[in-house]
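To start, the structure itself, in structure tokens.
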Amino acid sequence: MISTLLLKLKQQQINSHANGYLKGIFASQRLHSLAPYSREDENVFFSTAIAFTLQEYFDELSEADQLIAKEIIKKTLKCYPSFKNFKGKKTYNFFKTNPMDFFPNGKIMRHYNFFKLADDSDDTVYVYLTDHKKHKHDWLKEKLVKHANGTLKWNFHKRINYGELKTYNVYFGKNMPIETDACVLCNILLWSFRNKLPKIKQDKDSITYLLRAVASRDYINYPYLISPCYPTTAQICYHLSRLIKQPFKNNELVILRHLLIDDIKTLLTQPQSFINQLFYHISLLNLGIKPKTKLNYQLDDVLKTTDYFYTSIPLMIPKLWARKLQKYKLVKLLGLRTKCDGYTVTLLLEYEILKQKKGL
């Protein structure tokens, strides 16, 4: 199954280029779950996440599969310059910057600077994690601190238990609001610790943010406030489990392991979409626990029915009262979702590799 999924991923990358994407970028679409709206959405995020996962499990692959993975990764890395800061700085954008192409193929959003995204820490650290040429990690750390919560301004919603924390920010733009996201913090911390950078106030406060989010159950009750860019409990669990399993010295987040395991087991007794089940199963495996059941799926069916949360009007408004509207089903209809078959295949690949390691 692992080889089958890897070959599928290779073909998806080829097909994406044939359909007009940069050679190496995996096709994705932004869409609405009900309205007849679908646009090809060329971005670097999914491709960097795919490259990261392939690198993480590279040693678990057979020699033949390693050759395929290496080819996929190489093609993806060659695309990174097209997403680099348009002024030449060493940060990266979700959308292409050379030439500038935000919300590609759109009829409205691409024409208004209001919707133009600044470079962000999530895509940037994924690039730094996957492209192993000599990066100036110290420079990026300083850049992250300059844009962190409380350096120049504070997060717009100073929630009790979180507002005073000098957490890392999602965006680098001066005119962007301070955005704190649990999953993005996990990725930043993973990059920082892996490169043995000093643990400073922003790291400690970001860890505190994650500890409080789980201990308070806010990550279950209000995932869209705790992680507005990845606003589901399943995705938060996935990113936390990936960080917790890292062999870092003095990894304070390990204390969350048993709490996460208990919560995930409870959540899996409730109705869940397949993609949420997949995130939860991978999370348990990352935390050293064998799920009670195996996931049974047909790849074609999964690809037809799987999409990911992209954004919504409430989550684009930097006001706490607006964010809270996200809990209402009617408001959810105002959101766009995103689809990337390559990322879905990669998550299944990750699951199959972990399942094999655990002897399931």
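Residue numbering restarts at 1 for every chain of the structure tokens, chains are lettered A, B, ... in their displayed order, and ligands are numbered from 1 as they appear.
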
Using only C-alpha atoms, I'd like a table of the residues in stretch 157-201 of chain A that come within 9 Å of stretch 217-241 of chain A; for each, show the closest atom pair and its distance in Å rounded to one decimal, ordered by chain and ascending number, as a tab-separated table.
residue	atom	partner	partner_atom	distance
A:Val170	CA	A:Cys229	CA	8.8
A:Glu179	CA	A:Pro228	CA	8.2
A:Thr180	CA	A:Ser227	CA	7.1
A:Asp181	CA	A:Ser227	CA	4.2
A:Ala182	CA	A:Ser227	CA	4.9
A:Cys183	CA	A:His239	CA	5.7
A:Val184	CA	A:Cys229	CA	8.0
A:Cys186	CA	A:His239	CA	6.2
A:Asn187	CA	A:His239	CA	7.5

Take the selection from the previous step and output its residues with C-alpha atoms, as a PDB file, in the first residue's frame.
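To be explicit, this is the file written out as selection_39.pdb:
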ATOM      1  CA  VAL A 170       1.366  33.946  11.898  1.00  0.00           C
ATOM      2  CA  GLU A 179      -2.656  36.209  14.766  1.00  0.00           C
ATOM      3  CA  THR A 180      -1.866  33.376  17.170  1.00  0.00           C
ATOM      4  CA  ASP A 181      -2.468  29.845  15.909  1.00  0.00           C
ATOM      5  CA  ALA A 182      -1.754  26.639  17.849  1.00  0.00           C
ATOM      6  CA  CYS A 183      -0.745  24.577  14.805  1.00  0.00           C
ATOM      7  CA  VAL A 184       1.531  27.293  13.442  1.00  0.00           C
ATOM      8  CA  CYS A 186       3.808  23.791  16.763  1.00  0.00           C
ATOM      9  CA  ASN A 187       5.553  24.133  13.408  1.00  0.00           C
TER      10      ASN A 187
END

Please return as a PyMOL selection string: the residues of stretch 200-272 of chain A that backbone DSSP assigns to alpha helix (DSSP H). chain A and resi 201-215+218-221+223-226+233-244+257-267

Could you list, with a cut-off of 7 Å and counting only C-alpha atoms, the residues of stretch 117-158 of chain A near stretch 83-100 of chain A, each shown with its nearest atom pair and the distance in Å rounded to one decimal, rows sorted by chain and ascending number, as CSV?
residue,atom,partner,partner_atom,distance
A:Ala118,CA,A:Asn93,CA,6.6
A:Asp119,CA,A:Asn93,CA,4.2
A:Asp120,CA,A:Asn93,CA,5.9
A:Asp123,CA,A:Tyr92,CA,6.1
A:Thr124,CA,A:Tyr92,CA,4.9

Preceding selection exported with N, CA and C atoms as a compact mmCIF listing (two decimals), in the first residue's frame:
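Output contents, as saved in selection27.txt:
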# COMPACT_ATOMS: atom_id res chain seq x y z
N ALA A 118 0.20 38.71 3.63
CA ALA A 118 1.62 38.95 3.88
C ALA A 118 2.35 37.61 3.93
N ASP A 119 3.66 37.65 3.83
CA ASP A 119 4.44 36.43 4.04
C ASP A 119 4.10 35.89 5.43
N ASP A 120 4.19 34.59 5.59
CA ASP A 120 3.78 34.03 6.88
C ASP A 120 4.81 33.07 7.44
N ASP A 123 4.45 28.92 6.27
CA ASP A 123 5.09 28.53 5.01
C ASP A 123 6.60 28.69 5.08
N THR A 124 7.04 29.75 5.76
CA THR A 124 8.48 30.02 5.84
C THR A 124 9.21 28.91 6.60

Separating atom CA of A:Thr151 from atom CA of A:Leu189, to the nearest tenth of an Å, is a gap of 18.3 Å

Item to complete: Do a neighbour search on A:Leu211 at 9 Å with only C-alpha atoms, toss out local chain neighbours closer than 5 positions, and write the hits as a list in words.
Response: Ser206, Ser216, Glu252, Leu253, Ile255 and Leu256 of chain A

Can you pull out every residue from stretch 132-313 of chain A that DSSP, working from the backbone, puts in strand (DSSP E), and format the result as an NGL selection string? :A and (308-311)

Expected file: the selected residues, C-alpha atoms, as a PDB file, in the first residue's frame:
ATOM      1  CA  TYR A 308      -9.821  20.982   4.336  1.00  0.00           C
ATOM      2  CA  PHE A 309     -10.887  24.136   6.075  1.00  0.00           C
ATOM      3  CA  TYR A 310      -9.626  27.216   4.313  1.00  0.00           C
ATOM      4  CA  THR A 311     -11.177  30.386   5.706  1.00  0.00           C
TER       5      THR A 311
END

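Put simply, atom CA of A:Ile289 is 28.1 Å away from atom CA of A:Lys8.
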
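If you count only C-alpha atoms and ignore residues fewer than 2 places along the chain from A:Thr338, what sits within 7 Å of it is Ser28, Gln29, Arg30, Leu31, Asp307, Tyr308, Phe309, Tyr310, Leu336 and Cys340 of chain A.
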
Give me, as a ChimeraX atom specification, all polymer residues having an atom no more than 8 Å from stretch 276-288 of chain A, counting only C-alpha atoms and skipping those fewer than 6 positions away in the same chain.
/A:234-235,237-238,241-242,244-245,257,261,264,268,295,347-348,350-351,354-355,358

The distance between atom CA of A:Ile178 and atom CA of A:His32 is 27.0 Å

Contacts of A:Leu5 at 10 Å (only C-alpha atoms; same-chain gap of 5+ positions) as a PDB file with C-alpha atoms, in the first residue's frame:
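Produced file around-v7.pdb, reproduced below:
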ATOM      1  CA  LYS A  10       4.271  10.970  -8.061  1.00  0.00           C
ATOM      2  CA  GLN A  11       1.579  10.901 -10.741  1.00  0.00           C
ATOM      3  CA  LEU A 299      -8.562   5.789  -2.123  1.00  0.00           C
ATOM      4  CA  GLY A 342      -1.692  15.199  -2.947  1.00  0.00           C
ATOM      5  CA  VAL A 345      -2.510  10.895  -0.212  1.00  0.00           C
ATOM      6  CA  THR A 346       0.462  11.999   1.893  1.00  0.00           C
ATOM      7  CA  LEU A 347      -1.558  11.775   5.116  1.00  0.00           C
ATOM      8  CA  LEU A 348      -2.663   8.272   4.130  1.00  0.00           C
ATOM      9  CA  LEU A 349       0.955   7.424   3.387  1.00  0.00           C
ATOM     10  CA  GLU A 350       1.960   8.693   6.821  1.00  0.00           C
ATOM     11  CA  GLU A 352       0.260   3.442   6.551  1.00  0.00           C
TER      12      GLU A 352
END

Exercise for the section: Between A:Leu7, A:Leu67, A:Ile275, A:Ala213, single out the one closest to A:Asp301, counting only C-alpha atoms. Expected result: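 Result for the nearest residue to A:Asp301: A:Ile275.
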
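Every protein or nucleic acid residue with an atom no more than 8 Å from stretch 22-24 of chain A, counting only C-alpha atoms and leaving out same-chain residues fewer than 4 positions away, appears here: Gln13, Ile14, Ser16, His17, Ser47, Ile72, Lys74, Lys75, Thr76, Leu77, Lys78 and Cys79 of chain A.
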
Pick out the closest residue to A:Ala64 from this set: A:Gln12, A:Asn19, A:Ser3, A:Asn149. Count only C-alpha atoms.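 Among the listed residues, the smallest separation from A:Ala64 belongs to A:Ser3.
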